[in-house]
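For reference, the structure is listed below as structure tokens.
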Amino acid sequence: MPALRDFEIKAIKLLTGDSLTDAQLVLVEKIAEPIRYEYTGSGYFLTLADPSLPAGVATLSYPTVVGEYGEFICGFVVFIGDHELTLECHTWGAVDVPSDFRDRPVSITTPSVNNVNSP
């Protein structure tokens, strides 16, 4: 079984844009086991590694990617560098992302976000 769930792959593809090649994305989909997984109580970090992943460091949080399952709402960030990719899933709603969230049928959207700047 691959390390990533379908919704995680979709989130990664949306967030990595031009940062990963098509070949690197295919590789990420096929990695069987994460090198690290940490549930934080309000989300998780899942790290994959391969020599083909970028050495350069980047934090990717655009576009806004939201995951939803029932009352659970989360956001995602991807960190790449040192031939690793880490997917962060963090709570955005009033209810923390549960430890079994990865096993649920999570839907992914990219809603528009309004930034309000005060003078």
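Residue numbering restarts at 1 in every chain; chains get A, B, ... in the order shown in the structure tokens, and ligands count up from 1 in that same order.
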Test item, helix (DSSP H, G or I) assignment across chain A, answer as a list in words: Asp6, Phe7, Glu8, Ile9, Lys10, Ala11, Ile12, Lys13, Leu14, Leu15, Thr16, Asp22, Ala23, Gln24, Leu25, Val26, Leu27, Val28, Glu29, Lys30, Phe101, Arg102 and Asp103 of chain A
Segment 52-94 of chain A residues near segment 101-107 of chain A within 9 Å, closest pair each, using only C-alpha atoms, as a Markdown table:
| residue | atom | partner | partner_atom | distance |
| --- | --- | --- | --- | --- |
| A:Val66 | CA | A:Ser107 | CA | 8.2 |
| A:Gly67 | CA | A:Ser107 | CA | 5.5 |
| A:Glu68 | CA | A:Ser107 | CA | 5.3 |
| A:Tyr69 | CA | A:Val106 | CA | 5.0 |
| A:Gly70 | CA | A:Val106 | CA | 8.7 |
| A:Phe72 | CA | A:Phe101 | CA | 8.5 |
Just write the chosen residues, C-alpha atoms, as a PDB file, in the first residue's frame.
ATOM      1  CA  VAL A  66      -8.502  22.598   2.398  1.00  0.00           C
ATOM      2  CA  GLY A  67      -9.497  19.063   3.353  1.00  0.00           C
ATOM      3  CA  GLU A  68     -12.965  18.271   4.689  1.00  0.00           C
ATOM      4  CA  TYR A  69     -14.680  15.258   6.121  1.00  0.00           C
ATOM      5  CA  GLY A  70     -17.873  15.907   8.056  1.00  0.00           C
ATOM      6  CA  PHE A  72     -13.375  18.061  10.377  1.00  0.00           C
TER       7      PHE A  72
END
Shell around segment 76-92 of chain A at 10 Å using only C-alpha atoms, local window under 3 positions removed, as an mmCIF file with N, CA and C atoms, in the first residue's frame:
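Written file, around-v9.cif:
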data_model
loop_
_atom_site.group_PDB
_atom_site.id
_atom_site.type_symbol
_atom_site.label_atom_id
_atom_site.label_comp_id
_atom_site.auth_asym_id
_atom_site.auth_seq_id
_atom_site.Cartn_x
_atom_site.Cartn_y
_atom_site.Cartn_z
ATOM 1 N N LEU A 4 0.954 7.397 0.812
ATOM 2 C CA LEU A 4 0.008 8.506 0.744
ATOM 3 C C LEU A 4 -1.389 8.053 0.364
ATOM 4 N N GLU A 8 -4.200 13.107 -0.015
ATOM 5 C CA GLU A 8 -2.883 13.689 0.258
ATOM 6 C C GLU A 8 -2.116 13.932 -1.046
ATOM 7 N N ILE A 9 -2.235 12.999 -1.975
ATOM 8 C CA ILE A 9 -1.597 13.162 -3.286
ATOM 9 C C ILE A 9 -2.170 14.394 -3.990
ATOM 10 N N ALA A 11 -3.543 17.037 -2.605
ATOM 11 C CA ALA A 11 -3.064 18.229 -1.894
ATOM 12 C C ALA A 11 -1.620 18.540 -2.286
ATOM 13 N N ILE A 12 -0.782 17.521 -2.349
ATOM 14 C CA ILE A 12 0.625 17.711 -2.722
ATOM 15 C C ILE A 12 0.732 18.244 -4.144
ATOM 16 N N LYS A 13 -0.025 17.676 -5.060
ATOM 17 C CA LYS A 13 0.019 18.141 -6.451
ATOM 18 C C LYS A 13 -0.395 19.608 -6.547
ATOM 19 N N LEU A 14 -1.426 19.994 -5.823
ATOM 20 C CA LEU A 14 -1.879 21.380 -5.849
ATOM 21 C C LEU A 14 -0.831 22.333 -5.265
ATOM 22 N N LEU A 15 -0.176 21.922 -4.197
ATOM 23 C CA LEU A 15 0.768 22.797 -3.507
ATOM 24 C C LEU A 15 2.145 22.855 -4.157
ATOM 25 N N THR A 16 2.557 21.797 -4.820
ATOM 26 C CA THR A 16 3.918 21.781 -5.350
ATOM 27 C C THR A 16 4.047 22.482 -6.692
ATOM 28 N N SER A 19 7.295 23.159 -8.397
ATOM 29 C CA SER A 19 8.414 22.770 -7.531
ATOM 30 C C SER A 19 8.853 21.327 -7.709
ATOM 31 N N LEU A 20 7.945 20.471 -8.189
ATOM 32 C CA LEU A 20 8.279 19.071 -8.458
ATOM 33 C C LEU A 20 7.977 18.763 -9.918
ATOM 34 N N VAL A 28 6.628 10.128 -5.787
ATOM 35 C CA VAL A 28 6.002 10.382 -4.488
ATOM 36 C C VAL A 28 4.768 9.496 -4.314
ATOM 37 N N PRO A 34 6.371 6.020 4.685
ATOM 38 C CA PRO A 34 6.984 7.289 5.090
ATOM 39 C C PRO A 34 8.206 7.008 5.958
ATOM 40 N N ILE A 35 9.156 7.949 5.959
ATOM 41 C CA ILE A 35 10.293 7.778 6.880
ATOM 42 C C ILE A 35 9.940 8.288 8.275
ATOM 43 N N ARG A 36 8.951 9.203 8.333
ATOM 44 C CA ARG A 36 8.463 9.710 9.618
ATOM 45 C C ARG A 36 6.974 10.000 9.504
ATOM 46 N N TYR A 37 6.275 9.756 10.603
ATOM 47 C CA TYR A 37 4.882 10.154 10.726
ATOM 48 C C TYR A 37 4.666 10.572 12.168
ATOM 49 N N GLU A 38 4.090 11.765 12.353
ATOM 50 C CA GLU A 38 3.821 12.235 13.711
ATOM 51 C C GLU A 38 2.430 12.834 13.762
ATOM 52 N N TYR A 39 1.563 12.263 14.593
ATOM 53 C CA TYR A 39 0.259 12.853 14.869
ATOM 54 C C TYR A 39 0.447 13.822 16.025
ATOM 55 N N THR A 40 -0.007 15.061 15.860
ATOM 56 C CA THR A 40 0.260 16.106 16.856
ATOM 57 C C THR A 40 -0.884 16.352 17.826
ATOM 58 N N GLY A 41 -2.034 15.774 17.580
ATOM 59 C CA GLY A 41 -3.204 16.052 18.397
ATOM 60 C C GLY A 41 -4.168 16.974 17.668
ATOM 61 N N SER A 42 -3.651 17.737 16.721
ATOM 62 C CA SER A 42 -4.519 18.599 15.910
ATOM 63 C C SER A 42 -4.173 18.483 14.428
ATOM 64 N N GLY A 43 -3.461 17.440 14.084
ATOM 65 C CA GLY A 43 -3.054 17.200 12.707
ATOM 66 C C GLY A 43 -1.885 16.235 12.673
ATOM 67 N N TYR A 44 -1.121 16.283 11.578
ATOM 68 C CA TYR A 44 0.010 15.368 11.472
ATOM 69 C C TYR A 44 1.052 15.889 10.496
ATOM 70 N N PHE A 45 2.246 15.319 10.610
ATOM 71 C CA PHE A 45 3.346 15.509 9.669
ATOM 72 C C PHE A 45 3.698 14.141 9.112
ATOM 73 N N LEU A 46 3.804 14.043 7.791
ATOM 74 C CA LEU A 46 4.165 12.789 7.130
ATOM 75 C C LEU A 46 5.323 13.103 6.186
ATOM 76 N N THR A 47 6.443 12.399 6.366
ATOM 77 C CA THR A 47 7.650 12.692 5.588
ATOM 78 C C THR A 47 8.042 11.513 4.723
ATOM 79 N N LEU A 48 8.299 11.825 3.438
ATOM 80 C CA LEU A 48 8.789 10.859 2.460
ATOM 81 C C LEU A 48 10.196 11.270 2.045
ATOM 82 N N ALA A 49 11.016 10.301 1.660
ATOM 83 C CA ALA A 49 12.385 10.619 1.231
ATOM 84 C C ALA A 49 12.752 9.788 0.012
ATOM 85 N N ASP A 50 13.531 10.433 -0.882
ATOM 86 C CA ASP A 50 14.084 9.759 -2.045
ATOM 87 C C ASP A 50 15.164 10.659 -2.620
ATOM 88 N N PRO A 51 16.264 10.093 -3.095
ATOM 89 C CA PRO A 51 17.334 10.918 -3.673
ATOM 90 C C PRO A 51 16.882 11.778 -4.853
ATOM 91 N N SER A 52 15.767 11.412 -5.494
ATOM 92 C CA SER A 52 15.270 12.178 -6.633
ATOM 93 C C SER A 52 14.499 13.435 -6.232
ATOM 94 N N LEU A 53 14.133 13.546 -4.955
ATOM 95 C CA LEU A 53 13.421 14.743 -4.501
ATOM 96 C C LEU A 53 14.407 15.902 -4.370
ATOM 97 N N PRO A 54 13.922 17.145 -4.443
ATOM 98 C CA PRO A 54 14.811 18.306 -4.438
ATOM 99 C C PRO A 54 15.677 18.426 -3.187
ATOM 100 N N ALA A 55 16.896 18.907 -3.392
ATOM 101 C CA ALA A 55 17.791 19.201 -2.271
ATOM 102 C C ALA A 55 17.495 20.584 -1.715
ATOM 103 N N GLY A 56 17.081 21.508 -2.592
ATOM 104 C CA GLY A 56 16.776 22.875 -2.176
ATOM 105 C C GLY A 56 15.547 22.933 -1.289
ATOM 106 N N VAL A 57 15.572 23.858 -0.343
ATOM 107 C CA VAL A 57 14.515 23.977 0.653
ATOM 108 C C VAL A 57 13.422 24.939 0.183
ATOM 109 N N ALA A 58 12.159 24.535 0.389
ATOM 110 C CA ALA A 58 11.015 25.398 0.074
ATOM 111 C C ALA A 58 9.848 25.027 0.980
ATOM 112 N N THR A 59 9.066 26.036 1.336
ATOM 113 C CA THR A 59 7.817 25.854 2.062
ATOM 114 C C THR A 59 6.702 26.278 1.123
ATOM 115 N N LEU A 60 5.754 25.378 0.880
ATOM 116 C CA LEU A 60 4.723 25.603 -0.123
ATOM 117 C C LEU A 60 3.343 25.613 0.539
ATOM 118 N N SER A 61 2.711 26.777 0.526
ATOM 119 C CA SER A 61 1.400 26.908 1.175
ATOM 120 C C SER A 61 0.376 27.600 0.281
ATOM 121 N N TYR A 62 0.692 27.736 -0.990
ATOM 122 C CA TYR A 62 -0.222 28.369 -1.933
ATOM 123 C C TYR A 62 -0.390 27.472 -3.148
ATOM 124 N N PRO A 63 -1.603 27.279 -3.624
ATOM 125 C CA PRO A 63 -2.847 27.905 -3.192
ATOM 126 C C PRO A 63 -3.319 27.323 -1.859
ATOM 127 N N THR A 64 -4.289 27.969 -1.271
ATOM 128 C CA THR A 64 -4.886 27.447 -0.050
ATOM 129 C C THR A 64 -5.567 26.125 -0.390
ATOM 130 N N VAL A 65 -5.157 25.067 0.304
ATOM 131 C CA VAL A 65 -5.725 23.732 0.076
ATOM 132 C C VAL A 65 -6.413 23.301 1.368
ATOM 133 N N VAL A 66 -7.684 22.958 1.243
ATOM 134 C CA VAL A 66 -8.502 22.598 2.398
ATOM 135 C C VAL A 66 -9.009 21.170 2.230
ATOM 136 N N GLY A 67 -8.931 20.402 3.310
ATOM 137 C CA GLY A 67 -9.497 19.063 3.353
ATOM 138 C C GLY A 67 -10.711 19.060 4.271
ATOM 139 N N GLU A 68 -11.754 18.337 3.868
ATOM 140 C CA GLU A 68 -12.965 18.271 4.689
ATOM 141 C C GLU A 68 -13.513 16.863 4.733
ATOM 142 N N PHE A 72 -14.818 17.858 10.328
ATOM 143 C CA PHE A 72 -13.375 18.061 10.377
ATOM 144 C C PHE A 72 -12.906 18.860 9.159
ATOM 145 N N ILE A 73 -12.204 19.948 9.416
ATOM 146 C CA ILE A 73 -11.670 20.805 8.356
ATOM 147 C C ILE A 73 -10.185 21.000 8.633
ATOM 148 N N VAL A 95 -13.045 21.646 15.492
ATOM 149 C CA VAL A 95 -12.806 20.282 15.975
ATOM 150 C C VAL A 95 -11.462 19.804 15.436
ATOM 151 N N ASP A 96 -10.601 19.316 16.322
ATOM 152 C CA ASP A 96 -9.278 18.834 15.909
ATOM 153 C C ASP A 96 -9.385 17.658 14.950
ATOM 154 N N VAL A 97 -8.426 17.589 14.035
ATOM 155 C CA VAL A 97 -8.320 16.461 13.115
ATOM 156 C C VAL A 97 -8.013 15.214 13.950
ATOM 157 N N PRO A 98 -8.828 14.162 13.848
ATOM 158 C CA PRO A 98 -8.601 12.958 14.658
ATOM 159 C C PRO A 98 -7.430 12.127 14.137
ATOM 160 N N PHE A 101 -7.861 10.363 10.742
ATOM 161 C CA PHE A 101 -8.315 11.222 9.645
ATOM 162 C C PHE A 101 -7.844 10.728 8.292
ATOM 163 N N ARG A 102 -6.637 10.200 8.209
ATOM 164 C CA ARG A 102 -6.078 9.717 6.945
ATOM 165 C C ARG A 102 -6.886 8.561 6.361
#
Suppose you want the space between atom CA of Ser112 of chain A and atom CA of Asp100 of chain A; what is it in Å?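 According to the coordinates, atom CA of Ser112 of chain A and atom CA of Asp100 of chain A are separated by 27.7 Å.
For the atom pair formed by atom CA of Ile108 of chain A and atom CA of Glu71 of chain A, the distance is 14.1 Å, given to one decimal.
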Rounded to one decimal, what separation in Å do you get between atom CA of Asp18 of chain A and atom CA of Ala3 of chain A? 22.3 Å
